[in-house]
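Report on the following structure.
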Amino acid sequence: MSRIAFLTMDSLAEFVSYDELVADCLEARGIQVDNVSWRSRTVKWDAYEMVIIRSPWDYQQAADDFITVLESIDASAAVLWNPLEVVRWNVRKTYLQELQDRGITIVPTQFVQSPTVSQMRGMFEVFASDQIVIKPVVGANANDTFWLRQDSSAAELQQIEALYSRRLALLQPFIPSVTEYGETSLIFFGGEYSHSVLKTPQTGDFRVQEEHGSRIQSIVPNPALIEFSQRVLAPIPQRTLYARVDLVELPNGQPAVMELELIEPSLYLSYDADSAARFADVIQRFSA
């Protein structure tokens with residue numbers, strides 16, 4: 001029996017994970033799957049044929065340490081998926097600028113080092129929007145993400161200024177379709193389209209993660225969205241085992257990239273009956 005590891009975190013108690021669905025598929029095919037926390041210091045990576053980054057959803061708390069662990073895996077006998085070069089490219093949301101430079105429509109974005117209260121207020125004019133979002137350049141699970149309005153209090157902005165002191169921030173206009181309709185996630189295995197879900201935040205919120213109460217439903221996207229997502233994947237520096245393209249609709253009706261998730265995206269395997277088996281097929285193909 002071959003043996004692979006799913007890289008995870010110490011506890012998933014507060015999260016929704018679908019990894020057991022593909023693990024069951026793989027184990028039925030004679031492949032042993034171990035869930036291993038990225039924070040473990042006793043694991044022997046050489047014992048694995050493959051290490052698949054799946055649910056280390058606290059890595060943003062110590063991103064440099066996380067990369068160091070991936071470097072250790074990459075230097076071992078195990079094959080790391082997604083590859084280290086892909087993770088390094090995707091870990092900072094500055095990749096959005098590269099996508100835009102290649103002619104791909106993204107949500108309008110400004111990167112600001114240590115944003116001040118004055119700079120945050122100025123973004124309402126820059127984006128011609130009465131609502132903006134600020135988030136960290138290295139982040140996950142909507143941590144340290146804020147939805148600001150023109151009447152947001154000085155106290156709130158001062159708290160954000162303190163939080164982002166000596167940090168690079170990403171600022172965007174708030175996109176109304178996120179709350180009116182939702183965010184569409186298209187999932188790819190081995191570069192091939194697999195399935196999609198629509199994530200709609202609960203009333204009064206803008207966060208689309210299940211952990212924040214959003215509603216998830218399976219959808220069949222317009223073929224144009226699949227083609228657009230395939231163009232989004234083109235600049236990735238190496239082939240990927242999995243990828244998730246998160247899209248929203250701009251006020252002008254155009255689709256735009258909110259995120260390109262290549263490190264530890266939820267793959268929503270329970271929303272497509274055959275997706276776990278498809279993912280298992282690709283894992284087996286990549287291990288050959």
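Here, A, B, ... name the chains of the structure tokens in the order displayed, residue numbers run from 1 inside each chain, and ligands are numbered from 1 in the same displayed order.
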To test your reading of the structure, identify every residue in stretch 18-123 of chain A that backbone DSSP assigns to alpha helix (DSSP H), and report it as number ranges by chain.
A: 19-28, 63-74, 84-90, 95-101, 117-123
Okay, now the selection with C-alpha atoms, as a CSV table (one decimal), in the first residue's frame?
```
chain,number,residue,atom,x,y,z
A,19,ASP,CA,-11.0,15.7,3.0
A,20,GLU,CA,-12.3,12.5,4.5
A,21,LEU,CA,-14.4,12.0,1.3
A,22,VAL,CA,-11.3,11.8,-0.9
A,23,ALA,CA,-9.4,9.9,1.8
A,24,ASP,CA,-12.1,7.2,1.8
A,25,CYS,CA,-11.8,7.0,-2.0
A,26,LEU,CA,-8.0,6.6,-1.9
A,27,GLU,CA,-8.0,4.1,1.0
A,28,ALA,CA,-10.6,2.0,-1.0
A,63,ALA,CA,3.5,32.1,7.2
A,64,ASP,CA,7.4,32.1,7.3
A,65,ASP,CA,7.4,29.0,9.5
A,66,PHE,CA,4.8,27.4,7.2
A,67,ILE,CA,7.0,27.9,4.2
A,68,THR,CA,10.0,26.5,6.1
A,69,VAL,CA,8.0,23.3,6.7
A,70,LEU,CA,7.1,23.1,3.0
A,71,GLU,CA,10.8,23.5,2.2
A,72,SER,CA,11.6,20.5,4.4
A,73,ILE,CA,8.9,18.5,2.6
A,74,ASP,CA,10.2,19.6,-0.7
A,84,LEU,CA,6.6,24.9,-3.4
A,85,GLU,CA,7.1,27.4,-6.2
A,86,VAL,CA,3.3,27.6,-6.7
A,87,VAL,CA,2.8,28.2,-3.0
A,88,ARG,CA,5.4,31.0,-2.9
A,89,TRP,CA,3.7,32.6,-5.9
A,90,ASN,CA,0.3,32.4,-4.4
A,95,TYR,CA,-0.3,37.8,-7.5
A,96,LEU,CA,-3.5,39.6,-8.3
A,97,GLN,CA,-1.4,42.4,-9.9
A,98,GLU,CA,0.3,39.9,-12.1
A,99,LEU,CA,-3.1,38.5,-13.3
A,100,GLN,CA,-4.2,42.1,-14.0
A,101,ASP,CA,-1.0,42.8,-15.9
A,117,VAL,CA,-6.8,56.6,8.6
A,118,SER,CA,-6.4,59.3,5.9
A,119,GLN,CA,-5.4,56.8,3.2
A,120,MET,CA,-8.3,54.5,4.1
A,121,ARG,CA,-10.7,57.4,3.8
A,122,GLY,CA,-9.1,58.4,0.5
A,123,MET,CA,-9.9,55.0,-0.9
```
DSSP says strand (DSSP E or B) for which residues of stretch 132-181 of chain A? Put them as a list of chain:residue names?
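Those in stretch 132-181 of chain A that DSSP calls strand (DSSP E or B) are A:Ile132, A:Val133, A:Ile134, A:Lys135, A:Pro136, A:Phe146, A:Trp147, A:Leu148, A:Arg149, A:Leu168, A:Ala169, A:Leu170, A:Leu171, A:Gln172, A:Pro173.
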Pick out the residues sitting within 12 Å of A:Leu163, and hand them over as an mmCIF file with N, CA and C atoms, in the first residue's frame; count only C-alpha atoms, and ignore anything fewer than 2 positions along from it in its own chain.
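Output (around38.cif):
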```cif
data_model
loop_
_atom_site.group_PDB
_atom_site.id
_atom_site.type_symbol
_atom_site.label_atom_id
_atom_site.label_comp_id
_atom_site.auth_asym_id
_atom_site.auth_seq_id
_atom_site.Cartn_x
_atom_site.Cartn_y
_atom_site.Cartn_z
ATOM 1 N N GLN A 113 1.152 50.024 2.049
ATOM 2 C CA GLN A 113 1.957 49.669 3.218
ATOM 3 C C GLN A 113 1.536 50.531 4.396
ATOM 4 N N SER A 114 1.218 49.874 5.530
ATOM 5 C CA SER A 114 0.844 50.570 6.765
ATOM 6 C C SER A 114 -0.209 51.659 6.498
ATOM 7 N N PRO A 115 -1.379 51.297 6.014
ATOM 8 C CA PRO A 115 -2.376 52.315 5.647
ATOM 9 C C PRO A 115 -2.799 53.159 6.853
ATOM 10 N N THR A 116 -2.853 54.445 6.631
ATOM 11 C CA THR A 116 -3.273 55.374 7.674
ATOM 12 C C THR A 116 -4.782 55.615 7.570
ATOM 13 N N VAL A 117 -5.337 56.255 8.595
ATOM 14 C CA VAL A 117 -6.755 56.610 8.569
ATOM 15 C C VAL A 117 -7.043 57.473 7.350
ATOM 16 N N ILE A 134 -10.799 46.021 3.421
ATOM 17 C CA ILE A 134 -9.365 45.956 3.649
ATOM 18 C C ILE A 134 -9.032 44.582 4.203
ATOM 19 N N LYS A 135 -7.984 43.981 3.659
ATOM 20 C CA LYS A 135 -7.600 42.636 4.087
ATOM 21 C C LYS A 135 -6.083 42.503 4.027
ATOM 22 N N PRO A 136 -5.510 41.525 4.724
ATOM 23 C CA PRO A 136 -4.064 41.338 4.688
ATOM 24 C C PRO A 136 -3.601 40.720 3.379
ATOM 25 N N ASN A 143 -9.625 36.430 8.118
ATOM 26 C CA ASN A 143 -8.989 37.001 9.301
ATOM 27 C C ASN A 143 -8.501 38.409 9.005
ATOM 28 N N ASP A 144 -8.688 39.322 9.944
ATOM 29 C CA ASP A 144 -8.239 40.716 9.833
ATOM 30 C C ASP A 144 -8.780 41.393 8.576
ATOM 31 N N THR A 145 -9.997 40.999 8.200
ATOM 32 C CA THR A 145 -10.664 41.594 7.040
ATOM 33 C C THR A 145 -11.815 42.472 7.529
ATOM 34 N N PHE A 146 -11.913 43.678 6.948
ATOM 35 C CA PHE A 146 -12.886 44.650 7.430
ATOM 36 C C PHE A 146 -13.696 45.228 6.275
ATOM 37 N N GLU A 156 -12.799 53.014 14.836
ATOM 38 C CA GLU A 156 -12.605 51.772 14.093
ATOM 39 C C GLU A 156 -11.430 51.896 13.132
ATOM 40 N N LEU A 157 -11.349 53.011 12.430
ATOM 41 C CA LEU A 157 -10.244 53.201 11.485
ATOM 42 C C LEU A 157 -8.910 53.273 12.204
ATOM 43 N N GLN A 158 -8.871 53.877 13.366
ATOM 44 C CA GLN A 158 -7.634 53.952 14.149
ATOM 45 C C GLN A 158 -7.200 52.560 14.613
ATOM 46 N N GLN A 159 -8.160 51.710 14.959
ATOM 47 C CA GLN A 159 -7.831 50.343 15.347
ATOM 48 C C GLN A 159 -7.234 49.571 14.168
ATOM 49 N N ILE A 160 -7.809 49.778 12.982
ATOM 50 C CA ILE A 160 -7.291 49.112 11.785
ATOM 51 C C ILE A 160 -5.902 49.643 11.455
ATOM 52 N N GLU A 161 -5.716 50.954 11.579
ATOM 53 C CA GLU A 161 -4.398 51.541 11.342
ATOM 54 C C GLU A 161 -3.360 50.902 12.255
ATOM 55 N N SER A 165 -0.126 48.406 11.119
ATOM 56 C CA SER A 165 1.173 49.073 11.237
ATOM 57 C C SER A 165 2.283 48.107 10.830
ATOM 58 N N ARG A 166 3.105 48.540 9.892
ATOM 59 C CA ARG A 166 4.219 47.729 9.377
ATOM 60 C C ARG A 166 3.730 46.472 8.633
ATOM 61 N N ARG A 167 2.510 46.540 8.094
ATOM 62 C CA ARG A 167 1.982 45.441 7.286
ATOM 63 C C ARG A 167 1.484 45.984 5.952
ATOM 64 N N LEU A 168 1.637 45.171 4.913
ATOM 65 C CA LEU A 168 1.095 45.537 3.612
ATOM 66 C C LEU A 168 -0.373 45.115 3.564
ATOM 67 N N ALA A 169 -1.232 46.040 3.199
ATOM 68 C CA ALA A 169 -2.671 45.782 3.145
ATOM 69 C C ALA A 169 -3.166 45.810 1.714
#
```
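Of note, atom CA of A:Arg54 and atom CA of A:Arg231 are spaced 23.9 Å apart.
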Could you check which of A:Phe279, A:Trp57, A:Tyr242, A:Trp45 is closest to A:Glu14, using only C-alpha atoms?
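Under the stated criterion, the closest residue is A:Trp57.
Of the listed residues (A:Ser129, A:Ser218, A:Ser152, A:Ser287), A:Ser218 comes nearest to A:Ile187; the distances count only C-alpha atoms.
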Find the residues around A:Ala256 up to 7 Å (only C-alpha atoms counted), leave out those fewer than 2 positions away in its own chain, and share them as a list in words.
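Selected residues are Thr105, Ile106, Val107, Leu247, Val248, Glu249, Leu250, Gln254 and Met258 of chain A.
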Generate the output file for the selected residues, C-alpha atoms, as a compact mmCIF listing (two decimals), in the first residue's frame.
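This is the output file part-v4.txt:
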```
# COMPACT_ATOMS: atom_id res chain seq x y z
CA THR A 105 -10.04 41.24 -14.87
CA ILE A 106 -9.68 41.33 -11.09
CA VAL A 107 -11.59 43.19 -8.41
CA LEU A 247 -15.20 34.99 -9.04
CA VAL A 248 -17.61 37.85 -8.42
CA GLU A 249 -19.66 39.98 -10.78
CA LEU A 250 -18.64 43.63 -11.07
CA GLN A 254 -18.11 41.47 -15.94
CA MET A 258 -11.58 37.82 -6.10
```
I'd like the neighbourhood of A:Ile216 as a list in words, where a residue qualifies if any of its atoms comes within 9 Å (using only C-alpha atoms), though same-chain residues fewer than 2 positions away should be ignored.
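Those residues are Val197, Leu198, Lys199, Thr200, Pro201, Val208, Gln209, Glu210, Ser214, Ser218, Tyr268 and Tyr271 of chain A.
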How about saving the chosen residues, N, CA and C atoms kept, as a short mmCIF file (atom, residue, chain, number, x, y, z; two decimals), in the first residue's frame?
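Writing done, so here's part.cif:
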```cif
data_model
loop_
_atom_site.label_atom_id
_atom_site.label_comp_id
_atom_site.auth_asym_id
_atom_site.auth_seq_id
_atom_site.Cartn_x
_atom_site.Cartn_y
_atom_site.Cartn_z
N VAL A 197 -19.44 25.82 -6.91
CA VAL A 197 -20.42 26.14 -5.88
C VAL A 197 -20.62 27.65 -5.85
N LEU A 198 -21.78 28.05 -5.34
CA LEU A 198 -22.09 29.45 -5.09
C LEU A 198 -22.12 29.65 -3.58
N LYS A 199 -21.38 30.64 -3.10
CA LYS A 199 -21.28 30.91 -1.66
C LYS A 199 -21.92 32.27 -1.39
N THR A 200 -23.00 32.27 -0.61
CA THR A 200 -23.75 33.50 -0.33
C THR A 200 -23.69 33.79 1.16
N PRO A 201 -23.16 34.96 1.54
CA PRO A 201 -23.05 35.26 2.97
C PRO A 201 -24.41 35.42 3.62
N VAL A 208 -17.86 34.82 2.97
CA VAL A 208 -18.52 33.72 2.27
C VAL A 208 -18.08 32.34 2.78
N GLN A 209 -17.21 32.30 3.79
CA GLN A 209 -16.78 31.02 4.33
C GLN A 209 -17.90 30.39 5.16
N GLU A 210 -18.01 29.07 5.10
CA GLU A 210 -19.04 28.36 5.87
C GLU A 210 -18.93 28.64 7.36
N SER A 214 -22.22 31.27 5.93
CA SER A 214 -22.69 31.46 4.56
C SER A 214 -23.45 30.23 4.07
N SER A 218 -24.50 23.90 -4.84
CA SER A 218 -23.91 23.47 -6.10
C SER A 218 -24.57 24.22 -7.26
N TYR A 268 -15.02 21.67 -1.48
CA TYR A 268 -16.47 21.48 -1.50
C TYR A 268 -16.86 20.16 -2.16
N TYR A 271 -20.51 18.68 -2.50
CA TYR A 271 -21.52 19.34 -3.34
C TYR A 271 -21.54 18.80 -4.77
#
```
Near A:Pro265, within 8 Å and counting only C-alpha atoms, which residues show up once chain neighbours fewer than 6 positions away are dropped, as number ranges by chain?
A: 54-55, 243-244
Selected residues written out, C-alpha atoms, as a short mmCIF file (atom, residue, chain, number, x, y, z; two decimals), in the first residue's frame:
```cif
data_model
loop_
_atom_site.label_atom_id
_atom_site.label_comp_id
_atom_site.auth_asym_id
_atom_site.auth_seq_id
_atom_site.Cartn_x
_atom_site.Cartn_y
_atom_site.Cartn_z
CA ARG A 54 -5.14 20.38 2.38
CA SER A 55 -6.32 22.17 5.49
CA ALA A 243 -6.98 24.98 -7.86
CA ARG A 244 -9.99 27.07 -6.97
#
```
What separation in Å, quoted to one decimal, exists between atom CA of A:Leu262 and atom CA of A:Val245?
8.8 Å
Pick from A:Met9, A:Ile226, A:Ala78, A:Val91, whichever lies nearest to A:Asp246 using only C-alpha atoms:
A:Ile226
Of the listed residues A:Pro255, A:Asp272, A:Leu233, A:Ala224, that which approaches A:Ser194 most closely, counting only C-alpha atoms
A:Asp272
Near stretch 30-35 of chain A, 12 Å: stretch 218-288 of chain A residue rows, closest pairs, only C-alpha atoms, as CSV:
```
residue,atom,partner,partner_atom,distance
A:Ala280,CA,A:Ile31,CA,10.0
A:Asp281,CA,A:Ile31,CA,11.8
A:Ile283,CA,A:Ile31,CA,10.4
A:Gln284,CA,A:Ile31,CA,9.1
A:Ser287,CA,A:Ile31,CA,11.0
```
Which one is closest to A:Leu171: A:Gly204, A:Asn222, A:Lys93, A:Tyr193? Count only C-alpha atoms.
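For A:Leu171, the nearest of the candidates is A:Lys93.
Using only C-alpha atoms, the smallest distance between any of A:Ser2, A:Gln217, A:Gln60, A:Asn252 and A:Ser177 comes from A:Asn252.
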How many Å lie between atom CA of A:Ala162 and atom CA of A:Phe124, rounded to one decimal?
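Separation between atom CA of A:Ala162 and atom CA of A:Phe124: 19.8 Å.
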